[in-house]
>>> print(open('target-v2.cif').read())   # mmCIF, C-alpha atoms and all ligand atoms
data_model
loop_
_atom_site.group_PDB
_atom_site.id
_atom_site.type_symbol
_atom_site.label_atom_id
_atom_site.label_comp_id
_atom_site.auth_asym_id
_atom_site.auth_seq_id
_atom_site.Cartn_x
_atom_site.Cartn_y
_atom_site.Cartn_z
ATOM 1 C CA MET A 1 -7.231 -14.554 -17.280
ATOM 2 C CA ALA A 2 -5.150 -15.608 -14.308
ATOM 3 C CA ASN A 3 -5.869 -19.063 -12.931
ATOM 4 C CA PRO A 4 -8.479 -18.478 -10.201
ATOM 5 C CA TYR A 5 -7.547 -21.711 -8.380
ATOM 6 C CA GLU A 6 -3.875 -20.947 -8.005
ATOM 7 C CA MET A 7 -3.165 -21.078 -4.269
ATOM 8 C CA PHE A 8 0.397 -19.835 -4.212
ATOM 9 C CA PRO A 9 1.239 -17.882 -7.366
ATOM 10 C CA SER A 10 4.974 -17.321 -7.803
ATOM 11 C CA ALA A 11 6.125 -13.810 -6.969
ATOM 12 C CA ALA A 12 5.879 -11.242 -9.756
ATOM 13 C CA THR A 13 7.460 -8.208 -8.079
ATOM 14 C CA THR A 14 10.895 -7.414 -6.666
ATOM 15 C CA PHE A 15 9.322 -7.047 -3.238
ATOM 16 C CA GLY A 16 7.527 -10.393 -3.615
ATOM 17 C CA ARG A 17 10.795 -12.307 -3.510
ATOM 18 C CA TYR A 18 11.734 -10.721 -0.193
ATOM 19 C CA VAL A 19 8.329 -11.605 1.223
ATOM 20 C CA ASP A 20 8.816 -15.221 0.107
ATOM 21 C CA HIS A 21 12.266 -15.427 1.709
ATOM 22 C CA ILE A 22 10.865 -14.178 5.010
ATOM 23 C CA PHE A 23 7.753 -16.344 4.795
ATOM 24 C CA PHE A 24 9.648 -19.573 4.101
ATOM 25 C CA SER A 25 12.307 -18.811 6.723
ATOM 26 C CA LEU A 26 9.614 -18.295 9.321
ATOM 27 C CA LEU A 27 7.769 -21.422 8.194
ATOM 28 C CA GLY A 28 11.011 -23.463 8.267
ATOM 29 C CA ILE A 29 12.050 -22.329 11.731
ATOM 30 C CA SER A 30 8.556 -22.827 13.140
ATOM 31 C CA SER A 31 8.373 -26.339 11.626
ATOM 32 C CA LEU A 32 11.735 -27.191 13.159
ATOM 33 C CA VAL A 33 10.583 -26.064 16.609
ATOM 34 C CA LEU A 34 7.354 -28.028 16.178
ATOM 35 C CA LEU A 35 9.281 -31.123 15.112
ATOM 36 C CA MET A 36 11.639 -30.950 18.106
ATOM 37 C CA LEU A 37 8.713 -30.486 20.443
ATOM 38 C CA PHE A 38 6.940 -33.554 19.035
ATOM 39 C CA ILE A 39 10.072 -35.713 19.171
ATOM 40 C CA VAL A 40 10.553 -34.922 22.859
ATOM 41 C CA MET A 41 6.855 -35.445 23.526
ATOM 42 C CA TRP A 42 6.765 -38.903 21.887
ATOM 43 C CA VAL A 43 9.992 -39.995 23.564
ATOM 44 C CA PHE A 44 8.479 -39.166 26.937
ATOM 45 C CA VAL A 45 5.104 -40.692 26.106
ATOM 46 C CA ILE A 46 6.725 -43.996 25.183
ATOM 47 C CA ARG A 47 9.383 -44.091 27.874
ATOM 48 C CA TYR A 48 7.058 -43.183 30.736
ATOM 49 C CA ARG A 49 3.962 -45.088 29.628
ATOM 50 C CA ARG A 50 2.053 -47.017 32.287
ATOM 51 C CA GLY A 51 3.569 -50.257 33.524
ATOM 52 C CA VAL A 52 7.171 -49.565 32.562
ATOM 53 C CA GLU A 53 9.905 -49.712 35.184
ATOM 54 C CA VAL A 54 11.624 -46.312 34.979
ATOM 55 C CA PRO A 55 12.677 -43.799 37.612
ATOM 56 C CA ARG A 56 9.753 -41.442 38.093
ATOM 57 C CA LYS A 57 11.064 -39.090 40.773
ATOM 58 C CA ALA A 58 12.415 -35.645 39.886
ATOM 59 C CA THR A 59 16.158 -35.897 40.185
ATOM 60 C CA SER A 60 18.395 -33.071 39.015
ATOM 61 C CA PRO A 61 17.867 -29.511 40.218
ATOM 62 C CA ARG A 62 17.457 -26.770 37.576
ATOM 63 C CA ASN A 63 20.154 -26.475 34.982
ATOM 64 C CA VAL A 64 20.724 -22.788 34.322
ATOM 65 C CA LYS A 65 22.947 -23.377 31.293
ATOM 66 C CA VAL A 66 20.324 -25.405 29.475
ATOM 67 C CA GLU A 67 17.579 -22.926 30.347
ATOM 68 C CA ALA A 68 19.639 -19.962 29.185
ATOM 69 C CA THR A 69 20.495 -21.701 25.919
ATOM 70 C CA TRP A 70 16.955 -22.612 24.949
ATOM 71 C CA THR A 71 15.793 -19.106 25.813
ATOM 72 C CA LEU A 72 18.552 -17.112 24.149
ATOM 73 C CA ILE A 73 18.913 -18.979 20.865
ATOM 74 C CA PRO A 74 15.237 -18.734 19.826
ATOM 75 C CA LEU A 75 15.147 -15.145 21.107
ATOM 76 C CA LEU A 76 18.055 -14.143 18.880
ATOM 77 C CA ILE A 77 16.598 -15.981 15.891
ATOM 78 C CA PHE A 78 13.211 -14.321 16.226
ATOM 79 C CA ILE A 79 14.644 -10.844 16.897
ATOM 80 C CA GLY A 80 16.736 -11.335 13.761
ATOM 81 C CA LEU A 81 13.607 -12.238 11.793
ATOM 82 C CA PHE A 82 11.829 -9.200 13.179
ATOM 83 C CA VAL A 83 14.635 -6.828 12.172
ATOM 84 C CA TRP A 84 14.873 -8.416 8.724
ATOM 85 C CA ALA A 85 11.113 -8.217 8.078
ATOM 86 C CA GLY A 86 10.803 -4.792 9.688
ATOM 87 C CA GLU A 87 13.450 -3.358 7.427
ATOM 88 C CA ARG A 88 11.661 -4.739 4.363
ATOM 89 C CA TYR A 89 8.363 -3.389 5.592
ATOM 90 C CA LEU A 90 9.793 0.090 6.108
ATOM 91 C CA SER A 91 11.237 0.071 2.585
ATOM 92 C CA LEU A 92 7.618 -0.115 1.391
ATOM 93 C CA GLN A 93 6.788 3.255 2.935
ATOM 94 C CA ALA A 94 8.675 5.499 0.521
ATOM 95 C CA ALA A 95 8.294 4.920 -3.203
ATOM 96 C CA PRO A 96 11.232 5.749 -5.489
ATOM 97 C CA ALA A 97 11.058 9.256 -6.940
ATOM 98 C CA ASP A 98 10.606 7.965 -10.502
ATOM 99 C CA ALA A 99 7.554 5.859 -9.606
ATOM 100 C CA LEU A 100 4.523 6.167 -11.855
ATOM 101 C CA LYS A 101 1.678 7.444 -9.684
ATOM 102 C CA VAL A 102 -1.639 5.738 -10.323
ATOM 103 C CA GLN A 103 -4.719 6.847 -8.408
ATOM 104 C CA VAL A 104 -7.029 4.191 -7.041
ATOM 105 C CA ILE A 105 -10.552 4.766 -5.782
ATOM 106 C CA ALA A 106 -12.464 1.841 -4.360
ATOM 107 C CA LYS A 107 -16.219 1.719 -3.898
ATOM 108 C CA GLN A 108 -18.849 -0.925 -3.374
ATOM 109 C CA TRP A 109 -17.961 -2.942 -5.426
ATOM 110 C CA MET A 110 -15.419 -1.894 -7.951
ATOM 111 C CA TRP A 111 -11.892 -0.620 -8.472
ATOM 112 C CA LYS A 112 -11.374 2.645 -10.321
ATOM 113 C CA PHE A 113 -7.940 3.599 -11.633
ATOM 114 C CA GLN A 114 -6.714 6.923 -13.029
ATOM 115 C CA HIS A 115 -3.418 7.107 -14.905
ATOM 116 C CA PRO A 116 -1.441 10.378 -14.792
ATOM 117 C CA SER A 117 -1.968 10.824 -18.526
ATOM 118 C CA GLY A 118 -5.732 10.770 -18.006
ATOM 119 C CA GLN A 119 -6.701 7.199 -18.915
ATOM 120 C CA ARG A 120 -9.232 5.610 -16.641
ATOM 121 C CA GLU A 121 -10.063 1.980 -16.054
ATOM 122 C CA ILE A 122 -12.452 -0.072 -13.967
ATOM 123 C CA ASP A 123 -11.455 -3.425 -12.418
ATOM 124 C CA GLN A 124 -8.376 -3.552 -14.626
ATOM 125 C CA LEU A 125 -5.026 -1.893 -14.217
ATOM 126 C CA HIS A 126 -2.462 -1.837 -17.004
ATOM 127 C CA ILE A 127 1.135 -1.150 -15.979
ATOM 128 C CA PRO A 128 4.543 -1.278 -17.681
ATOM 129 C CA LEU A 129 7.020 -4.012 -16.728
ATOM 130 C CA GLY A 130 9.970 -3.040 -14.532
ATOM 131 C CA GLN A 131 8.703 0.441 -13.715
ATOM 132 C CA PRO A 132 8.087 1.288 -10.048
ATOM 133 C CA ILE A 133 4.360 1.937 -9.617
ATOM 134 C CA GLU A 134 3.009 3.923 -6.701
ATOM 135 C CA LEU A 135 -0.674 3.657 -5.921
ATOM 136 C CA ILE A 136 -2.361 6.607 -4.226
ATOM 137 C CA MET A 137 -5.504 5.021 -2.845
ATOM 138 C CA THR A 138 -8.705 6.014 -1.130
ATOM 139 C CA SER A 139 -12.223 4.699 -0.702
ATOM 140 C CA GLN A 140 -15.497 6.366 -1.507
ATOM 141 C CA ASP A 141 -17.542 4.462 1.077
ATOM 142 C CA VAL A 142 -16.221 1.731 3.408
ATOM 143 C CA ILE A 143 -12.817 0.153 3.999
ATOM 144 C CA HIS A 144 -11.586 -2.026 1.140
ATOM 145 C CA SER A 145 -8.223 -3.709 0.712
ATOM 146 C CA PHE A 146 -6.128 -3.825 -2.454
ATOM 147 C CA TYR A 147 -4.697 -7.319 -2.689
ATOM 148 C CA VAL A 148 -2.656 -8.818 -5.524
ATOM 149 C CA PRO A 149 -1.386 -12.205 -4.281
ATOM 150 C CA ALA A 150 1.279 -12.592 -6.972
ATOM 151 C CA PHE A 151 2.657 -9.151 -6.075
ATOM 152 C CA ARG A 152 2.634 -9.926 -2.318
ATOM 153 C CA VAL A 153 0.904 -6.568 -1.940
ATOM 154 C CA LYS A 154 -2.016 -5.863 0.370
ATOM 155 C CA ARG A 155 -3.006 -2.446 1.620
ATOM 156 C CA ASP A 156 -6.271 -1.047 2.995
ATOM 157 C CA LEU A 157 -8.164 1.790 1.341
ATOM 158 C CA VAL A 158 -9.756 3.960 3.991
ATOM 159 C CA PRO A 159 -12.444 6.578 3.372
ATOM 160 C CA GLY A 160 -11.238 10.104 4.143
ATOM 161 C CA ARG A 161 -7.547 9.458 3.789
ATOM 162 C CA TYR A 162 -4.874 8.299 1.364
ATOM 163 C CA THR A 163 -2.865 5.154 1.689
ATOM 164 C CA THR A 164 -0.040 4.314 -0.666
ATOM 165 C CA VAL A 165 1.778 1.214 -1.736
ATOM 166 C CA TRP A 166 4.406 0.661 -4.401
ATOM 167 C CA PHE A 167 5.931 -2.229 -6.312
ATOM 168 C CA THR A 168 8.042 -3.060 -9.349
ATOM 169 C CA SER A 169 6.822 -5.944 -11.485
ATOM 170 C CA THR A 170 9.291 -8.577 -12.669
ATOM 171 C CA ARG A 171 7.283 -10.408 -15.341
ATOM 172 C CA THR A 172 4.494 -9.710 -17.762
ATOM 173 C CA GLY A 173 1.089 -11.323 -17.462
ATOM 174 C CA ARG A 174 -2.311 -10.972 -15.908
ATOM 175 C CA PHE A 175 -2.541 -11.077 -12.131
ATOM 176 C CA ARG A 176 -5.572 -11.400 -9.939
ATOM 177 C CA LEU A 177 -6.675 -8.389 -7.935
ATOM 178 C CA LEU A 178 -8.918 -9.053 -4.945
ATOM 179 C CA CYS A 179 -10.560 -7.063 -2.206
ATOM 180 C CA ALA A 180 -9.238 -8.423 1.088
ATOM 181 C CA GLU A 181 -11.522 -6.572 3.495
ATOM 182 C CA TYR A 182 -15.139 -7.580 3.964
ATOM 183 C CA CYS A 183 -17.010 -4.608 2.518
ATOM 184 C CA GLY A 184 -20.606 -5.699 2.120
ATOM 185 C CA THR A 185 -22.862 -8.012 0.142
ATOM 186 C CA SER A 186 -20.795 -8.267 -3.030
ATOM 187 C CA HIS A 187 -17.376 -8.197 -1.418
ATOM 188 C CA SER A 188 -16.485 -11.520 -3.052
ATOM 189 C CA GLN A 189 -17.338 -10.065 -6.451
ATOM 190 C CA MET A 190 -14.986 -7.120 -6.003
ATOM 191 C CA ARG A 191 -12.310 -8.532 -8.225
ATOM 192 C CA GLY A 192 -10.143 -7.347 -11.037
ATOM 193 C CA GLU A 193 -6.809 -7.914 -12.645
ATOM 194 C CA VAL A 194 -3.497 -6.173 -13.078
ATOM 195 C CA VAL A 195 -2.057 -6.483 -16.575
ATOM 196 C CA VAL A 196 1.719 -6.124 -16.712
ATOM 197 C CA MET A 197 2.910 -5.238 -20.224
ATOM 198 C CA GLN A 198 6.221 -4.601 -21.954
ATOM 199 C CA PRO A 199 6.894 -0.831 -21.775
ATOM 200 C CA ALA A 200 6.386 -0.469 -25.543
ATOM 201 C CA ASP A 201 3.060 -2.309 -25.359
ATOM 202 C CA TYR A 202 2.031 -0.112 -22.463
ATOM 203 C CA GLU A 203 2.800 3.015 -24.507
ATOM 204 C CA ALA A 204 0.719 1.591 -27.347
ATOM 205 C CA TRP A 205 -2.084 0.823 -24.900
ATOM 206 C CA LEU A 206 -1.986 4.403 -23.563
ATOM 207 C CA ASP A 207 -2.167 5.734 -27.124
ATOM 208 C CA SER A 208 -5.085 3.465 -27.948
ATOM 209 C CA ARG A 209 -7.086 4.914 -25.045
ATOM 210 C CA GLU A 210 -7.620 8.610 -25.502
ATOM 211 C CA GLY A 211 -6.037 10.007 -22.366
ATOM 212 C CA LYS A 212 -6.459 13.700 -23.045
ATOM 213 C CA PRO A 213 -6.944 15.776 -21.013
ATOM 214 C CA THR A 214 -4.410 14.592 -18.471
ATOM 215 C CA LEU A 215 -5.306 14.436 -14.787
ATOM 216 C CA ALA A 216 -3.360 17.640 -14.174
ATOM 217 C CA GLU A 217 -5.252 19.415 -16.981
ATOM 218 C CA GLU A 218 -8.575 18.267 -15.603
ATOM 219 C CA GLY A 219 -7.396 19.393 -12.176
ATOM 220 C CA ALA A 220 -6.611 22.837 -13.591
ATOM 221 C CA ARG A 221 -10.149 23.050 -14.984
ATOM 222 C CA ILE A 222 -11.643 22.128 -11.587
ATOM 223 C CA PHE A 223 -9.246 24.594 -9.944
ATOM 224 C CA ARG A 224 -10.678 27.440 -12.025
ATOM 225 C CA ALA A 225 -14.292 26.242 -11.926
ATOM 226 C CA HIS A 226 -14.335 26.236 -8.128
ATOM 227 C CA GLY A 227 -12.689 29.631 -7.881
ATOM 228 C CA CYS A 228 -9.448 28.396 -6.315
ATOM 229 C CA SER A 229 -7.435 30.406 -8.827
ATOM 230 C CA GLY A 230 -9.055 33.623 -7.602
ATOM 231 C CA CYS A 231 -7.082 33.503 -4.356
ATOM 232 C CA HIS A 232 -4.176 31.181 -5.001
ATOM 233 C CA PHE A 233 -2.876 32.848 -8.175
ATOM 234 C CA GLY A 234 -2.455 36.099 -10.049
ATOM 235 C CA GLY A 235 -0.380 38.001 -7.515
ATOM 236 C CA SER A 236 -3.000 37.589 -4.800
ATOM 237 C CA THR A 237 -0.380 36.332 -2.397
ATOM 238 C CA VAL A 238 -1.854 38.545 0.301
ATOM 239 C CA ARG A 239 -4.938 36.355 0.594
ATOM 240 C CA ALA A 240 -3.631 32.865 -0.044
ATOM 241 C CA PRO A 241 -0.299 31.132 -0.427
ATOM 242 C CA SER A 242 0.863 30.431 -3.951
ATOM 243 C CA LEU A 243 0.720 26.764 -4.837
ATOM 244 C CA VAL A 244 3.653 26.790 -7.228
ATOM 245 C CA GLY A 245 6.310 24.424 -6.006
ATOM 246 C CA VAL A 246 4.366 23.614 -2.872
ATOM 247 C CA PHE A 247 3.947 19.883 -3.538
ATOM 248 C CA GLY A 248 6.606 17.914 -1.718
ATOM 249 C CA SER A 249 7.982 21.004 0.034
ATOM 250 C CA THR A 250 7.898 21.707 3.764
ATOM 251 C CA VAL A 251 5.283 24.187 4.939
ATOM 252 C CA PRO A 252 5.489 26.166 8.199
ATOM 253 C CA LEU A 253 2.119 26.311 9.969
ATOM 254 C CA GLN A 254 0.660 28.938 12.264
ATOM 255 C CA SER A 255 0.825 26.408 15.087
ATOM 256 C CA GLY A 256 4.613 26.396 14.746
ATOM 257 C CA GLU A 257 4.566 22.921 13.242
ATOM 258 C CA ILE A 258 6.298 22.179 9.964
ATOM 259 C CA VAL A 259 4.627 19.674 7.649
ATOM 260 C CA VAL A 260 5.418 18.139 4.277
ATOM 261 C CA ALA A 261 2.910 19.059 1.568
ATOM 262 C CA ASP A 262 1.962 15.584 0.384
ATOM 263 C CA GLU A 263 -1.321 14.191 -0.939
ATOM 264 C CA ALA A 264 -2.876 13.975 2.535
ATOM 265 C CA TYR A 265 -1.927 17.571 3.368
ATOM 266 C CA ILE A 266 -3.478 18.914 0.168
ATOM 267 C CA ARG A 267 -6.605 16.837 0.668
ATOM 268 C CA ASP A 268 -6.987 18.184 4.209
ATOM 269 C CA SER A 269 -6.326 21.733 3.025
ATOM 270 C CA ILE A 270 -9.232 21.429 0.576
ATOM 271 C CA LEU A 271 -11.711 19.692 2.873
ATOM 272 C CA LEU A 272 -10.611 20.930 6.325
ATOM 273 C CA PRO A 273 -8.836 24.221 5.615
ATOM 274 C CA LYS A 274 -8.916 25.317 9.276
ATOM 275 C CA LYS A 275 -6.957 22.265 10.388
ATOM 276 C CA GLN A 276 -3.529 23.341 9.166
ATOM 277 C CA VAL A 277 -3.263 27.063 8.465
ATOM 278 C CA VAL A 278 -0.060 28.219 6.782
ATOM 279 C CA ALA A 279 1.970 30.650 8.896
ATOM 280 C CA GLY A 280 1.292 34.273 7.983
ATOM 281 C CA TYR A 281 -2.147 33.734 6.434
ATOM 282 C CA ALA A 282 -5.641 34.243 7.812
ATOM 283 C CA PRO A 283 -7.899 31.156 8.026
ATOM 284 C CA VAL A 284 -10.354 32.510 5.439
ATOM 285 C CA MET A 285 -10.570 29.580 3.057
ATOM 286 C CA PRO A 286 -13.978 27.867 2.967
ATOM 287 C CA SER A 287 -14.198 24.095 3.113
ATOM 288 C CA PHE A 288 -14.981 22.243 -0.105
ATOM 289 C CA ALA A 289 -16.230 19.150 1.695
ATOM 290 C CA GLY A 290 -19.218 17.680 -0.102
ATOM 291 C CA GLN A 291 -18.591 19.680 -3.269
ATOM 292 C CA LEU A 292 -15.821 17.584 -4.777
ATOM 293 C CA SER A 293 -15.780 13.884 -5.602
ATOM 294 C CA GLU A 294 -12.786 11.738 -4.668
ATOM 295 C CA GLU A 295 -11.813 11.743 -8.356
ATOM 296 C CA ALA A 296 -11.923 15.543 -8.451
ATOM 297 C CA ILE A 297 -9.773 15.899 -5.324
ATOM 298 C CA LEU A 298 -7.192 13.531 -6.774
ATOM 299 C CA LYS A 299 -7.192 15.514 -10.032
ATOM 300 C CA LEU A 300 -6.625 18.737 -8.088
ATOM 301 C CA ILE A 301 -3.709 17.060 -6.329
ATOM 302 C CA ALA A 302 -2.278 15.974 -9.702
ATOM 303 C CA TYR A 303 -2.612 19.575 -10.875
ATOM 304 C CA ILE A 304 -0.927 21.047 -7.788
ATOM 305 C CA GLN A 305 1.789 18.431 -8.155
ATOM 306 C CA SER A 306 2.335 19.522 -11.767
ATOM 307 C CA LEU A 307 2.902 23.078 -10.523
ATOM 308 C CA ALA A 308 5.952 21.929 -8.610
ATOM 309 C CA SER A 309 8.119 22.152 -11.719
ATOM 310 C CA ILE A 310 6.956 25.373 -13.395
ATOM 311 C CA GLU A 311 7.752 29.043 -12.976
ATOM 312 C CA GLU A 312 5.479 31.386 -11.051
ATOM 313 C CA SER A 313 5.128 33.673 -14.102
ATOM 314 C CA GLN A 314 3.563 30.890 -16.189
ATOM 315 C CA THR A 315 0.651 30.281 -13.857
ATOM 316 C CA PRO A 316 -2.894 31.134 -14.919
HETATM 317 CU CU1 LIG A 401 -14.185 -4.162 -1.188
HETATM 318 CU CU2 LIG A 401 -14.278 -6.170 0.071
#
>>> encode(input="target-v2.cif", output="structure tokens")
Amino acid sequence: MANPYEMFPSAATTFGRYVDHIFFSLLGISSLVLLMLFIVMWVFVIRYRRGVEVPRKATSPRNVKVEATWTLIPLLIFIGLFVWAGERYLSLQAAPADALKVQVIAKQWMWKFQHPSGQREIDQLHIPLGQPIELIMTSQDVIHSFYVPAFRVKRDLVPGRYTTVWFTSTRTGRFRLLCAEYCGTSHSQMRGEVVVMQPADYEAWLDSREGKPTLAEEGARIFRAHGCSGCHFGGSTVRAPSLVGVFGSTVPLQSGEIVVADEAYIRDSILLPKKQVVAGYAPVMPSFAGQLSEEAILKLIAYIQSLASIEESQTP
């Protein structure tokens, strides 16, 4: 188990090193400014203390050069820091295409993980070393926050929507996972760990935990059980758009808008079908809100995602 008293664990992801560089640069510059401020303050306190013969009248008028210098130099330094950190932050928004997508569902007070191959875990997440991991996260009740200090990763999980975060681990081990958003009585107990393993060990771990059926296969079962296949497949293109190849593609809407069919779009299409109607189709789809658990919706998304790479003729 990771040391629970470790205050500043060394970074264990590629992104973590960047965060450390930025953090220590900011800390260094701020300390320097603080130090200079205190030096000037103490010099003045001592020089102008009571009873000392020194000139006490204001003498020189304003010195524009000095004022411009002490304004512009810090301004440039801090704008530079902002651009540097902003660029890093933006790089977190889009995961690499080969990232392993793990689904995360938080609830009071536990973490649930679903691997693409069907394995599920609670309060523990096993991942392979060096592989980009993308977490597709949501909450079943209130806002929680996925926080792994050693990974320098913290992202909220919000009910009713998906948030994502990605990282690539740089060393094996067990790393503490915490909830960083007060979420009720047992918030402090909402802990877990991320276990980073050598890729071969991870494969062995997957094999040791019966993963079948995969998330996509379970999604296909839910797809049929809820009657989705009746409209979305089998040449019924008149009633509903085919879902083959839709994931990740751009979809023209009746409103004239064009959206990318990502996780959030598919979730909304299932729960709020009237919100974004595909151009050329009637808004006849009923809402499935209340009928599907968060796990089931994520499985459906995994299934629709798996359809992106197959031929129309092979669909059920
Ligand atoms: Cu979940 Cu705090």
>>> resolve_selection(input="target-v2.cif", expression="the PyMOL selection byres (((chain A and resi 87-96) around 8) and not hetatm)", output="list in words")
Tyr18, Val83, Trp84, Ala85, Gly86, Ala97, Asp98, Ala99, Pro132, Glu134, Thr164, Val165 and Trp166 of chain A
>>> closest_residue(input="target-v2.cif", among="A:Ser10, A:Ser186, A:Thr71, A:Ser60", to="ligand LIG 401 (chain A)", atoms="all atoms listed in the file")
A:Ser186
>>> closest_atom_pairs(input="target-v2.cif", of="chain A", to="ligand LIG 401 (chain A)", cutoff="9 Å", atoms="all atoms listed in the file", output="tab-separated table")
residue	atom	partner	partner_atom	distance
A:Ala106	CA	A:LIG401	CU1	7.0
A:Lys107	CA	A:LIG401	CU1	6.8
A:Gln108	CA	A:LIG401	CU1	6.1
A:Trp109	CA	A:LIG401	CU1	5.8
A:Met110	CA	A:LIG401	CU1	7.2
A:Trp111	CA	A:LIG401	CU1	8.4
A:Val142	CA	A:LIG401	CU1	7.7
A:Ile143	CA	A:LIG401	CU1	6.9
A:His144	CA	A:LIG401	CU1	4.1
A:Ser145	CA	A:LIG401	CU1	6.3
A:Phe146	CA	A:LIG401	CU1	8.2
A:Leu157	CA	A:LIG401	CU1	8.8
A:Leu178	CA	A:LIG401	CU2	7.9
A:Cys179	CA	A:LIG401	CU2	4.5
A:Ala180	CA	A:LIG401	CU2	5.6
A:Glu181	CA	A:LIG401	CU2	4.4
A:Tyr182	CA	A:LIG401	CU2	4.2
A:Cys183	CA	A:LIG401	CU2	4.0
A:Gly184	CA	A:LIG401	CU2	6.7
A:Thr185	CA	A:LIG401	CU2	8.8
A:Ser186	CA	A:LIG401	CU2	7.5
A:His187	CA	A:LIG401	CU2	4.0
A:Ser188	CA	A:LIG401	CU2	6.6
A:Gln189	CA	A:LIG401	CU2	8.2
A:Met190	CA	A:LIG401	CU1	5.7
A:Arg191	CA	A:LIG401	CU1	8.5
>>> residues_around(input="target-v2.cif", residues="region 294-300 of chain A", least_positions_apart="3", cutoff="6 Å", atoms="only C-alpha atoms", output="compact mmCIF listing (two decimals) with C-alpha atoms, in the coordinates of the input")
# COMPACT_ATOMS: atom_id res chain seq x y z
CA LEU A 215 -5.31 14.44 -14.79
CA GLY A 219 -7.40 19.39 -12.18
CA TYR A 303 -2.61 19.58 -10.88
>>> axis_aligned_box(input="target-v2.cif", around="region 223-233 of chain A", padding_each_side="6 Å", output="AutoDock Vina command-line options")
--center_x -8.6 --center_y 29.1 --center_z -8.2 --size_x 23.5 --size_y 21.0 --size_z 19.7
>>> residues_around(input="target-v2.cif", residues="Val277 (chain A)", least_positions_apart="5", cutoff="12 Å", atoms="only C-alpha atoms", output="list in words")
Ala240, Pro241, Val251, Pro252, Leu253, Gln254, Ser255, Gly256, Glu257, Ile258, Val259, Tyr265, Ile266, Asp268, Ser269, Ile270, Leu272, Ala282, Pro283, Val284 and Met285 of chain A
>>> closest_residue(input="target-v2.cif", among="A:Gly280, A:Gly230, A:Leu307, A:Ala200", to="Ser249 (chain A)", atoms="all atoms listed in the file")
A:Leu307
>>> resolve_selection(input="target-v2.cif", expression="the PyMOL selection byres (((chain A and resi 248) around 6) and not hetatm)", output="list in words")
Phe247, Ser249, Ala261 and Asp262 of chain A
>>> atom_distance(input="target-v2.cif", atom1="CA of Gly173 (chain A)", atom2="CA of Phe15 (chain A)")
17.0 Å
>>> closest_residue(input="target-v2.cif", among="A:Glu218, A:His232, A:Ala308, A:Leu76", to="Gln114 (chain A)", atoms="all atoms listed in the file")
A:Glu218
>>> atom_distance(input="target-v2.cif", atom1="CA of Arg171 (chain A)", atom2="CA of His126 (chain A)")
13.1 Å
>>> atom_distance(input="target-v2.cif", atom1="CA of Ile39 (chain A)", atom2="CA of His21 (chain A)")
26.9 Å
